[in-house]
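> Input input_39.txt, format and content: compact mmCIF, C-alpha atoms and all ligand atoms.
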# COMPACT_ATOMS: atom_id res chain seq x y z
CA MET A 26 -78.42 -202.02 -126.99
CA LEU A 27 -75.91 -202.12 -129.85
CA ASP A 28 -76.23 -204.72 -132.60
CA ILE A 29 -72.50 -205.45 -132.92
CA LYS A 30 -71.42 -207.34 -136.07
CA ILE A 31 -68.39 -209.54 -135.51
CA GLN A 32 -65.83 -210.36 -138.21
CA LYS A 33 -63.15 -212.66 -136.84
CA THR A 34 -59.57 -212.58 -138.12
CA GLU A 35 -58.44 -215.32 -140.47
CA SER A 36 -54.82 -214.98 -139.36
CA PRO A 37 -54.73 -214.95 -135.55
CA LYS A 38 -51.45 -213.78 -134.04
CA ARG A 39 -49.42 -215.66 -131.47
CA ILE A 40 -50.58 -214.81 -127.96
CA PRO A 41 -47.65 -214.03 -125.61
CA GLN A 42 -47.04 -216.92 -123.22
CA LYS A 43 -46.49 -216.84 -119.45
CA GLY A 44 -43.11 -215.38 -118.63
CA GLU A 45 -42.72 -213.38 -121.85
CA PRO A 46 -42.14 -209.71 -121.00
CA LEU A 47 -45.11 -207.62 -122.15
CA GLY A 48 -44.00 -204.05 -121.41
CA PHE A 49 -46.80 -201.50 -121.61
CA GLY A 50 -48.83 -200.76 -124.74
CA HIS A 51 -46.57 -202.43 -127.34
CA ILE A 52 -48.57 -205.54 -128.23
CA PHE A 53 -52.08 -205.53 -129.70
CA THR A 54 -54.69 -208.28 -129.85
CA ASP A 55 -56.42 -209.75 -132.89
CA HIS A 56 -59.52 -207.54 -132.95
CA MET A 57 -60.80 -204.03 -132.38
CA PHE A 58 -64.20 -202.40 -132.02
CA ILE A 59 -65.25 -199.59 -134.39
CA MET A 60 -68.42 -197.49 -134.57
CA ASN A 61 -69.01 -194.44 -136.77
CA TYR A 62 -70.88 -191.23 -136.11
CA THR A 63 -72.50 -189.09 -138.77
CA GLU A 64 -74.38 -185.90 -137.97
CA GLY A 65 -78.10 -186.48 -138.47
CA LYS A 66 -77.69 -190.26 -138.18
CA GLY A 67 -75.98 -190.65 -134.82
CA TRP A 68 -73.66 -193.53 -133.89
CA HIS A 69 -73.97 -196.38 -136.36
CA ASP A 70 -72.36 -199.57 -137.67
CA PRO A 71 -70.93 -200.97 -134.44
CA ARG A 72 -68.57 -203.79 -135.39
CA ILE A 73 -65.67 -205.90 -134.22
CA VAL A 74 -63.10 -206.43 -136.96
CA PRO A 75 -59.52 -207.72 -137.21
CA PHE A 76 -57.01 -205.30 -135.64
CA GLY A 77 -55.35 -203.29 -138.38
CA ASP A 78 -54.63 -199.89 -139.88
CA ILE A 79 -57.48 -197.49 -140.49
CA THR A 80 -57.88 -195.16 -143.46
CA LEU A 81 -58.23 -191.44 -142.86
CA SER A 82 -58.11 -188.44 -145.14
CA PRO A 83 -54.92 -186.44 -144.61
CA ALA A 84 -57.35 -183.57 -144.05
CA ALA A 85 -59.12 -185.41 -141.17
CA MET A 86 -59.71 -182.83 -138.46
CA VAL A 87 -58.15 -184.90 -135.68
CA LEU A 88 -54.80 -184.68 -137.46
CA HIS A 89 -54.87 -180.89 -137.44
CA TYR A 90 -56.78 -179.70 -134.40
CA GLY A 91 -56.64 -182.69 -132.08
CA GLN A 92 -60.39 -183.07 -131.55
CA GLU A 93 -60.21 -186.46 -129.83
CA MET A 94 -60.98 -188.18 -126.54
CA PHE A 95 -59.48 -191.32 -125.04
CA GLU A 96 -60.04 -193.55 -122.04
CA GLY A 97 -58.06 -196.27 -120.29
CA LEU A 98 -59.22 -199.30 -118.33
CA LYS A 99 -58.08 -202.87 -117.86
CA ALA A 100 -59.36 -206.45 -118.00
CA TYR A 101 -57.97 -208.73 -115.28
CA ARG A 102 -57.64 -212.52 -115.18
CA GLY A 103 -59.03 -214.11 -112.05
CA ASP A 104 -57.54 -217.28 -110.55
CA ASN A 105 -60.57 -219.22 -111.78
CA GLY A 106 -59.98 -218.05 -115.37
CA ASP A 107 -62.76 -215.44 -115.25
CA VAL A 108 -62.17 -212.01 -116.79
CA TYR A 109 -63.05 -208.85 -114.85
CA LEU A 110 -63.36 -205.14 -115.57
CA PHE A 111 -63.05 -202.49 -112.88
CA ARG A 112 -65.77 -199.79 -112.68
CA PRO A 113 -66.22 -199.49 -116.48
CA ASP A 114 -69.31 -197.30 -115.92
CA MET A 115 -66.97 -194.63 -114.52
CA ASN A 116 -64.94 -194.65 -117.74
CA ALA A 117 -68.15 -194.31 -119.75
CA LYS A 118 -69.17 -191.28 -117.67
CA ARG A 119 -65.75 -189.68 -117.85
CA ALA A 120 -65.63 -190.27 -121.62
CA ASN A 121 -68.78 -188.17 -121.98
CA ASN A 122 -67.38 -185.42 -119.74
CA SER A 123 -64.36 -185.28 -122.06
CA ASN A 124 -66.67 -185.45 -125.10
CA ASP A 125 -68.64 -182.45 -123.81
CA ARG A 126 -65.49 -180.37 -123.44
CA LEU A 127 -64.32 -181.33 -126.93
CA CYS A 128 -67.69 -180.93 -128.73
CA ILE A 129 -67.77 -184.66 -129.50
CA PRO A 130 -71.22 -186.32 -129.41
CA HIS A 131 -72.06 -188.41 -126.35
CA ILE A 132 -71.77 -192.17 -126.48
CA PRO A 133 -74.60 -193.73 -124.42
CA GLU A 134 -72.93 -195.12 -121.29
CA GLU A 135 -74.49 -198.55 -121.69
CA ASP A 136 -73.24 -198.72 -125.31
CA PHE A 137 -69.72 -197.80 -124.21
CA VAL A 138 -69.70 -200.58 -121.60
CA GLN A 139 -71.32 -203.06 -123.98
CA ALA A 140 -68.69 -202.34 -126.64
CA VAL A 141 -65.82 -202.77 -124.15
CA LYS A 142 -67.24 -206.06 -122.89
CA ALA A 143 -67.89 -207.35 -126.42
CA VAL A 144 -64.38 -206.76 -127.75
CA VAL A 145 -62.74 -208.08 -124.56
CA ASP A 146 -64.95 -211.17 -124.85
CA VAL A 147 -63.82 -211.81 -128.45
CA ASP A 148 -60.14 -211.50 -127.41
CA ARG A 149 -60.50 -212.97 -123.90
CA ALA A 150 -57.69 -215.48 -124.59
CA TRP A 151 -55.35 -212.45 -124.67
CA VAL A 152 -56.03 -211.47 -121.05
CA PRO A 153 -52.70 -212.49 -119.50
CA TYR A 154 -52.41 -214.83 -116.52
CA GLU A 155 -49.26 -213.66 -114.80
CA GLU A 156 -49.40 -211.62 -111.60
CA GLY A 157 -49.23 -207.88 -112.26
CA THR A 158 -50.30 -208.21 -115.90
CA SER A 159 -53.61 -207.26 -117.48
CA LEU A 160 -55.25 -206.43 -120.79
CA TYR A 161 -55.09 -202.65 -121.15
CA ILE A 162 -58.18 -201.32 -122.94
CA ARG A 163 -57.94 -198.09 -124.90
CA PRO A 164 -61.28 -196.67 -126.13
CA PHE A 165 -60.96 -193.44 -128.14
CA VAL A 166 -62.88 -191.14 -130.46
CA ILE A 167 -61.37 -189.23 -133.37
CA SER A 168 -62.89 -186.53 -135.57
CA THR A 169 -62.78 -187.55 -139.21
CA ASP A 170 -64.24 -184.74 -141.36
CA PRO A 171 -61.79 -183.83 -144.16
CA HIS A 172 -61.91 -180.10 -143.47
CA LEU A 173 -59.37 -177.46 -142.48
CA GLY A 174 -61.73 -174.92 -140.92
CA VAL A 175 -61.65 -174.86 -137.13
CA ALA A 176 -65.07 -176.20 -136.08
CA PRO A 177 -66.46 -179.38 -134.54
CA SER A 178 -66.37 -182.28 -136.97
CA LYS A 179 -69.63 -183.79 -138.23
CA THR A 180 -68.22 -187.33 -138.40
CA TYR A 181 -66.30 -189.43 -135.86
CA MET A 182 -64.98 -192.91 -135.22
CA PHE A 183 -65.16 -194.60 -131.82
CA ILE A 184 -62.52 -197.32 -131.65
CA ILE A 185 -61.42 -199.71 -128.89
CA ILE A 186 -58.05 -201.44 -129.05
CA LEU A 187 -56.58 -203.91 -126.55
CA SER A 188 -53.02 -204.42 -125.38
CA PRO A 189 -51.78 -207.15 -123.02
CA SER A 190 -49.49 -205.25 -120.67
CA GLY A 191 -47.28 -205.47 -117.61
CA ALA A 192 -46.34 -202.66 -115.24
CA TYR A 193 -46.47 -199.12 -116.64
CA TYR A 194 -43.11 -198.25 -115.12
CA GLU A 195 -40.14 -200.36 -116.14
CA SER A 196 -39.15 -200.43 -112.48
CA GLY A 197 -42.44 -202.23 -111.60
CA LEU A 198 -43.43 -201.51 -107.99
CA ALA A 199 -40.04 -200.03 -107.07
CA PRO A 200 -40.40 -196.37 -106.01
CA VAL A 201 -40.04 -193.87 -108.86
CA GLY A 202 -38.41 -190.44 -108.91
CA ILE A 203 -40.63 -187.47 -109.78
CA TRP A 204 -39.50 -184.12 -111.12
CA ILE A 205 -41.64 -181.18 -109.93
CA GLU A 206 -41.83 -179.05 -113.06
CA ASP A 207 -41.40 -175.32 -112.51
CA GLU A 208 -41.08 -174.08 -116.10
CA TYR A 209 -43.79 -175.66 -118.27
CA VAL A 210 -47.46 -176.01 -117.29
CA ARG A 211 -49.98 -178.64 -118.41
CA ALA A 212 -53.38 -177.05 -117.98
CA VAL A 213 -55.24 -174.09 -116.56
CA ARG A 214 -58.70 -173.81 -115.08
CA GLY A 215 -61.21 -173.39 -117.88
CA GLY A 216 -58.88 -175.35 -120.19
CA MET A 217 -59.03 -179.08 -120.87
CA GLY A 218 -57.08 -180.43 -117.89
CA PHE A 219 -59.98 -182.53 -116.59
CA ALA A 220 -60.59 -184.11 -120.01
CA LYS A 221 -58.75 -187.14 -121.27
CA THR A 222 -57.58 -185.85 -124.59
CA GLY A 223 -54.34 -186.17 -126.52
CA GLY A 224 -53.55 -182.46 -126.35
CA ASN A 225 -52.99 -182.62 -122.60
CA TYR A 226 -50.45 -185.37 -123.09
CA ALA A 227 -48.78 -183.61 -126.03
CA ALA A 228 -48.40 -180.60 -123.73
CA SER A 229 -46.67 -182.83 -121.19
CA LEU A 230 -43.94 -184.22 -123.42
CA ALA A 231 -41.32 -181.45 -123.17
CA ALA A 232 -41.35 -181.65 -119.37
CA GLN A 233 -41.33 -185.44 -119.46
CA VAL A 234 -38.26 -185.46 -121.68
CA LYS A 235 -36.58 -182.98 -119.36
CA ALA A 236 -37.45 -185.15 -116.35
CA HIS A 237 -36.16 -188.31 -118.07
CA ASP A 238 -32.95 -186.62 -119.14
CA SER A 239 -32.37 -185.69 -115.51
CA GLY A 240 -32.96 -189.28 -114.35
CA TYR A 241 -36.58 -188.96 -113.18
CA SER A 242 -39.50 -191.14 -114.33
CA GLN A 243 -42.19 -188.46 -114.64
CA ALA A 244 -42.94 -184.77 -114.22
CA LEU A 245 -45.32 -183.49 -111.55
CA TRP A 246 -47.30 -180.43 -112.61
CA LEU A 247 -47.90 -177.30 -110.65
CA ASP A 248 -50.97 -175.14 -111.31
CA GLY A 249 -50.80 -173.07 -114.46
CA VAL A 250 -51.54 -169.70 -112.85
CA GLU A 251 -49.35 -169.34 -109.76
CA ARG A 252 -47.09 -172.36 -110.37
CA LYS A 253 -47.43 -173.00 -106.71
CA TYR A 254 -50.03 -175.70 -106.11
CA ILE A 255 -49.54 -179.42 -106.82
CA GLU A 256 -51.76 -180.79 -109.62
CA GLU A 257 -50.93 -184.24 -111.03
CA VAL A 258 -48.19 -186.36 -112.59
CA GLY A 259 -47.92 -187.15 -116.33
CA SER A 260 -49.82 -190.42 -116.12
CA MET A 261 -51.29 -190.51 -112.62
CA ASN A 262 -52.87 -188.52 -109.78
CA ILE A 263 -50.70 -187.92 -106.74
CA MET A 264 -51.31 -188.50 -103.03
CA PHE A 265 -49.30 -187.70 -99.91
CA LYS A 266 -49.42 -189.12 -96.42
CA ILE A 267 -48.60 -186.20 -94.18
CA ASN A 268 -48.63 -186.65 -90.43
CA GLY A 269 -51.04 -189.60 -90.62
CA LYS A 270 -53.49 -187.90 -93.01
CA VAL A 271 -53.90 -188.61 -96.70
CA VAL A 272 -53.76 -185.38 -98.70
CA THR A 273 -54.39 -185.05 -102.43
CA PRO A 274 -55.09 -182.12 -104.77
CA MET A 275 -58.81 -181.43 -105.10
CA LEU A 276 -60.50 -181.75 -108.48
CA ASN A 277 -60.41 -178.15 -109.62
CA GLY A 278 -61.05 -178.49 -113.35
CA SER A 279 -57.44 -178.77 -114.41
CA ILE A 280 -56.80 -182.22 -112.89
CA LEU A 281 -57.87 -185.56 -114.31
CA PRO A 282 -60.63 -187.14 -112.18
CA GLY A 283 -58.94 -190.52 -111.85
CA ILE A 284 -61.05 -193.61 -111.24
CA THR A 285 -58.19 -195.15 -109.28
CA ARG A 286 -57.93 -191.86 -107.34
CA ASP A 287 -61.61 -192.10 -106.43
CA SER A 288 -61.28 -195.77 -105.42
CA ILE A 289 -58.20 -195.12 -103.26
CA ILE A 290 -59.88 -192.21 -101.46
CA HIS A 291 -62.82 -194.50 -100.80
CA LEU A 292 -60.59 -197.26 -99.39
CA CYS A 293 -58.61 -194.83 -97.20
CA ARG A 294 -61.82 -193.41 -95.71
CA GLU A 295 -63.20 -196.92 -95.14
CA TRP A 296 -60.02 -197.72 -93.22
CA GLY A 297 -60.47 -194.67 -91.01
CA TYR A 298 -57.89 -192.35 -92.55
CA GLU A 299 -58.70 -188.68 -92.74
CA VAL A 300 -58.50 -187.75 -96.43
CA GLU A 301 -58.15 -184.11 -97.42
CA GLU A 302 -58.87 -183.12 -101.01
CA ARG A 303 -57.52 -179.59 -101.12
CA ARG A 304 -54.92 -177.24 -102.52
CA ILE A 305 -51.39 -178.24 -101.50
CA SER A 306 -48.61 -175.83 -102.22
CA VAL A 307 -45.22 -177.12 -103.20
CA ASP A 308 -43.79 -175.09 -100.31
CA GLU A 309 -46.03 -176.95 -97.85
CA LEU A 310 -44.85 -180.22 -99.33
CA VAL A 311 -41.16 -179.33 -99.13
CA ALA A 312 -41.62 -178.09 -95.55
CA ALA A 313 -43.41 -181.34 -94.59
CA ALA A 314 -40.56 -183.32 -96.12
CA HIS A 315 -37.92 -181.36 -94.20
CA SER A 316 -39.79 -181.62 -90.89
CA GLY A 317 -40.20 -185.39 -91.31
CA GLU A 318 -44.01 -185.18 -91.59
CA LEU A 319 -44.12 -186.34 -95.20
CA GLU A 320 -44.47 -190.07 -94.62
CA GLU A 321 -45.44 -191.50 -97.99
CA VAL A 322 -45.98 -190.35 -101.56
CA PHE A 323 -47.72 -192.42 -104.22
CA GLY A 324 -49.38 -192.01 -107.58
CA THR A 325 -52.68 -193.56 -108.65
CA GLY A 326 -53.87 -194.38 -112.16
CA THR A 327 -55.29 -197.17 -114.29
CA ALA A 328 -51.97 -197.78 -116.00
CA ALA A 329 -49.82 -196.88 -112.98
CA VAL A 330 -52.14 -198.66 -110.42
CA VAL A 331 -50.65 -197.48 -107.08
CA SER A 332 -47.05 -196.39 -107.68
CA PRO A 333 -44.75 -195.49 -104.80
CA VAL A 334 -42.68 -192.33 -105.21
CA GLY A 335 -39.23 -192.52 -103.64
CA LYS A 336 -37.78 -189.18 -104.65
CA LEU A 337 -39.08 -185.70 -105.44
CA ARG A 338 -37.03 -182.92 -106.98
CA TYR A 339 -38.07 -179.29 -106.77
CA LYS A 340 -35.54 -176.71 -107.98
CA ASP A 341 -32.42 -177.39 -105.89
CA ASP A 342 -34.18 -179.58 -103.36
CA VAL A 343 -34.02 -183.35 -103.76
CA ILE A 344 -36.29 -185.06 -101.25
CA ASP A 345 -35.91 -188.74 -100.45
CA ILE A 346 -39.04 -190.46 -99.22
CA GLY A 347 -39.14 -193.68 -97.24
CA GLY A 348 -35.48 -194.60 -97.83
CA GLY A 349 -36.27 -196.12 -101.23
CA LYS A 350 -38.83 -198.53 -99.73
CA ILE A 351 -42.57 -198.78 -100.39
CA GLY A 352 -44.61 -197.12 -97.63
CA GLU A 353 -46.87 -199.30 -95.51
CA LEU A 354 -50.10 -197.60 -96.60
CA THR A 355 -49.00 -197.55 -100.27
CA GLN A 356 -48.38 -201.31 -100.17
CA LYS A 357 -51.67 -201.99 -98.35
CA LEU A 358 -53.61 -199.92 -100.90
CA TYR A 359 -51.86 -201.66 -103.80
CA ASP A 360 -52.68 -205.08 -102.32
CA GLU A 361 -56.31 -204.21 -101.61
CA LEU A 362 -57.00 -202.57 -104.97
CA THR A 363 -55.31 -205.26 -107.06
CA GLY A 364 -56.90 -207.91 -104.84
CA ILE A 365 -60.34 -206.56 -105.74
CA GLN A 366 -59.43 -206.11 -109.41
CA TRP A 367 -58.04 -209.63 -109.81
CA GLY A 368 -60.90 -211.23 -107.89
CA LYS A 369 -58.63 -212.37 -105.02
CA LYS A 370 -60.41 -210.27 -102.38
CA PRO A 371 -64.08 -209.60 -101.66
CA ASP A 372 -65.55 -206.61 -103.47
CA PRO A 373 -68.02 -205.00 -101.03
CA TYR A 374 -68.31 -201.92 -103.28
CA GLY A 375 -69.55 -203.67 -106.45
CA TRP A 376 -66.58 -202.40 -108.47
CA ARG A 377 -65.69 -205.66 -110.20
CA VAL A 378 -67.65 -206.55 -113.34
CA THR A 379 -67.38 -210.00 -114.89
CA VAL A 380 -67.09 -210.20 -118.71
C1 LIG A 401 -54.30 -194.60 -117.83
O1 LIG A 401 -53.85 -194.72 -116.69
O2 LIG A 401 -55.13 -195.38 -118.29
C2 LIG A 401 -53.86 -193.54 -118.71
O3 LIG A 401 -54.59 -193.21 -119.60
C3 LIG A 401 -52.54 -192.98 -118.54
C4 LIG A 401 -51.83 -193.11 -119.83
C5 LIG A 401 -51.43 -191.84 -120.37
C6 LIG A 401 -50.91 -194.23 -119.92
For this file, write the structure as structure tokens.

Amino acid sequence: MLDIKIQKTESPKRIPQKGEPLGFGHIFTDHMFIMNYTEGKGWHDPRIVPFGDITLSPAAMVLHYGQEMFEGLKAYRGDNGDVYLFRPDMNAKRANNSNDRLCIPHIPEEDFVQAVKAVVDVDRAWVPYEEGTSLYIRPFVISTDPHLGVAPSKTYMFIIILSPSGAYYESGLAPVGIWIEDEYVRAVRGGMGFAKTGGNYAASLAAQVKAHDSGYSQALWLDGVERKYIEEVGSMNIMFKINGKVVTPMLNGSILPGITRDSIIHLCREWGYEVEERRISVDELVAAAHSGELEEVFGTGTAAVVSPVGKLRYKDDVIDIGGGKIGELTQKLYDELTGIQWGKKPDPYGWRVTV
């Protein structure tokens, strides 16, 4: 159990009011959580302090070699004013899987969850009320040793910041266009693809810019070896409904193990859908689209929630899916998942955690 010291801000900011557009990840609350790590001493000095800049040496290792881990989860406002988290224990576990890959010391899972709850509690007034909005929570660890040799750092900071946010995509729940990237790759097996670390996202930028410039919202990655099998999208996992079955790439080490992905697979199976987690080649996908068997495509992610995909581009093929409308299963999954997250529907799985 952490002994978290709390220092409240003396100059609280104005909290956005109902109806004000929030965007995604632009606005930050009044406070943040910080805890330091020193080799030989472990994690120490857990504290909640006013949100503000942090001081780092220009030689801090994170700035040079990217030894860092991040997570993403949300706090939701229930109709009764309560504040909920969704499966925060899964974020704590995944954080340590990323930490292992990046030689960052473990954060005890219960401390991770306690820290998230504590900082959300201090800034609970910032959890927005409007439908489709939430408080995005960004826990992250950075390596802070001032040292230019390539080695694991001996000191770290674990920080949690909070951002009241709306939909991740500007288009909201309207179907997005996805560019299947055939030049760049994001990750290879044995690399860091399964870890949530900045380097994976830095590696995605060139393709994302290319996709945007061509009028698409995001790039979809193919595997890094054969450039043949579907992996994931820039900010979400991807699922297909093909001939009545739900098909999604299996977790092979180069794909992020999404918590929303896991929850959606669970819901689909509960509802009697056959779900296949397996390799899917882009050729199979294009063939399914041309034969009319590709019924729905959607992405899943904490930020993206359940996002319908209305168009896929692969080389010279542009595939329209569902005539620009949200698929029936996509909509049902969105309603069920957000219903559980916002406390509007029963939660038979014990996923919702009250702060
Ligand atoms: C999330 O869904 O929480 C993510 O971390 C994706 C992000 C890159 C916006």
> Taking only residues of segment 71-163 of chain A that have an atom at most 10 Å from an atom of segment 323-347 of chain A, what is each one's shortest atom pair and its distance in Å to one decimal, using all atoms listed in the file, in chain and number order, as JSON lines?

{"residue": "A:Glu96", "atom": "CA", "partner": "A:Thr327", "partner_atom": "CA", "distance": 9.8}
{"residue": "A:Gly97", "atom": "CA", "partner": "A:Thr327", "partner_atom": "CA", "distance": 6.7}
{"residue": "A:Leu98", "atom": "CA", "partner": "A:Thr327", "partner_atom": "CA", "distance": 6.0}
{"residue": "A:Lys99", "atom": "CA", "partner": "A:Thr327", "partner_atom": "CA", "distance": 7.3}
{"residue": "A:Phe111", "atom": "CA", "partner": "A:Thr327", "partner_atom": "CA", "distance": 9.5}
{"residue": "A:Gly157", "atom": "CA", "partner": "A:Val330", "partner_atom": "CA", "distance": 9.8}
{"residue": "A:Ser159", "atom": "CA", "partner": "A:Ala328", "partner_atom": "CA", "distance": 9.7}
{"residue": "A:Tyr161", "atom": "CA", "partner": "A:Ala328", "partner_atom": "CA", "distance": 7.7}
{"residue": "A:Ile162", "atom": "CA", "partner": "A:Ala328", "partner_atom": "CA", "distance": 10.0}
> Ligand LIG 401 (chain A), all listed atoms, 8 Å padding on each side: what axis-aligned box centre and edge lengths in Å to one decimal come out, as lines of an AutoDock Vina configuration file?

center_x = -53.0
center_y = -193.6
center_z = -118.5
size_x = 20.2
size_y = 19.5
size_z = 19.7
> Using all atoms listed in the file, find each residue in segment 33-107 of chain A having at least one atom no more than 12 Å away from segment 369-376 of chain A; report its shortest atom-to-atom pair and that distance in Å (one decimal), rows by chain then rising number, as CSV.

residue,atom,partner,partner_atom,distance
A:Tyr101,CA,A:Lys369,CA,10.9
A:Arg102,CA,A:Lys369,CA,10.2
A:Gly103,CA,A:Lys369,CA,7.3
A:Asp104,CA,A:Lys369,CA,7.5
A:Asn105,CA,A:Lys369,CA,9.8
A:Gly106,CA,A:Lys369,CA,11.9
A:Asp107,CA,A:Lys369,CA,11.5
> So which residues touch Asp146 of chain A within 12 Å, counting only C-alpha atoms, skipping near sequence neighbours fewer than 3 positions away, as a PyMOL selection string?
chain A and resi 31+54-58+73+100+107-110+139-143+149-152+160+187+379-380
> Please measure the separation of atom CA of Lys266 of chain A and atom CA of Leu245 of chain A, giving the value in Å to one decimal.
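Taking atom CA of Lys266 of chain A as the start and atom CA of Leu245 of chain A as the end point, the length is 16.7 Å.
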> To one decimal place in Å, what is the distance between atom CA of Asp114 of chain A and atom CA of Arg126 of chain A?
18.9 Å
> So which one's closest to Ala84 of chain A, A:His69, A:His131, A:Lys30, A:His172? Using all atoms listed in the file, please.
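That would be A:His172, the residue with the smallest distance to Ala84 of chain A.
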> Could you name the residues that touch Ile129 of chain A at 10 Å or less, counting only C-alpha atoms, but leaving out those on the same chain fewer than 4 positions away, as a count of residues only?
18
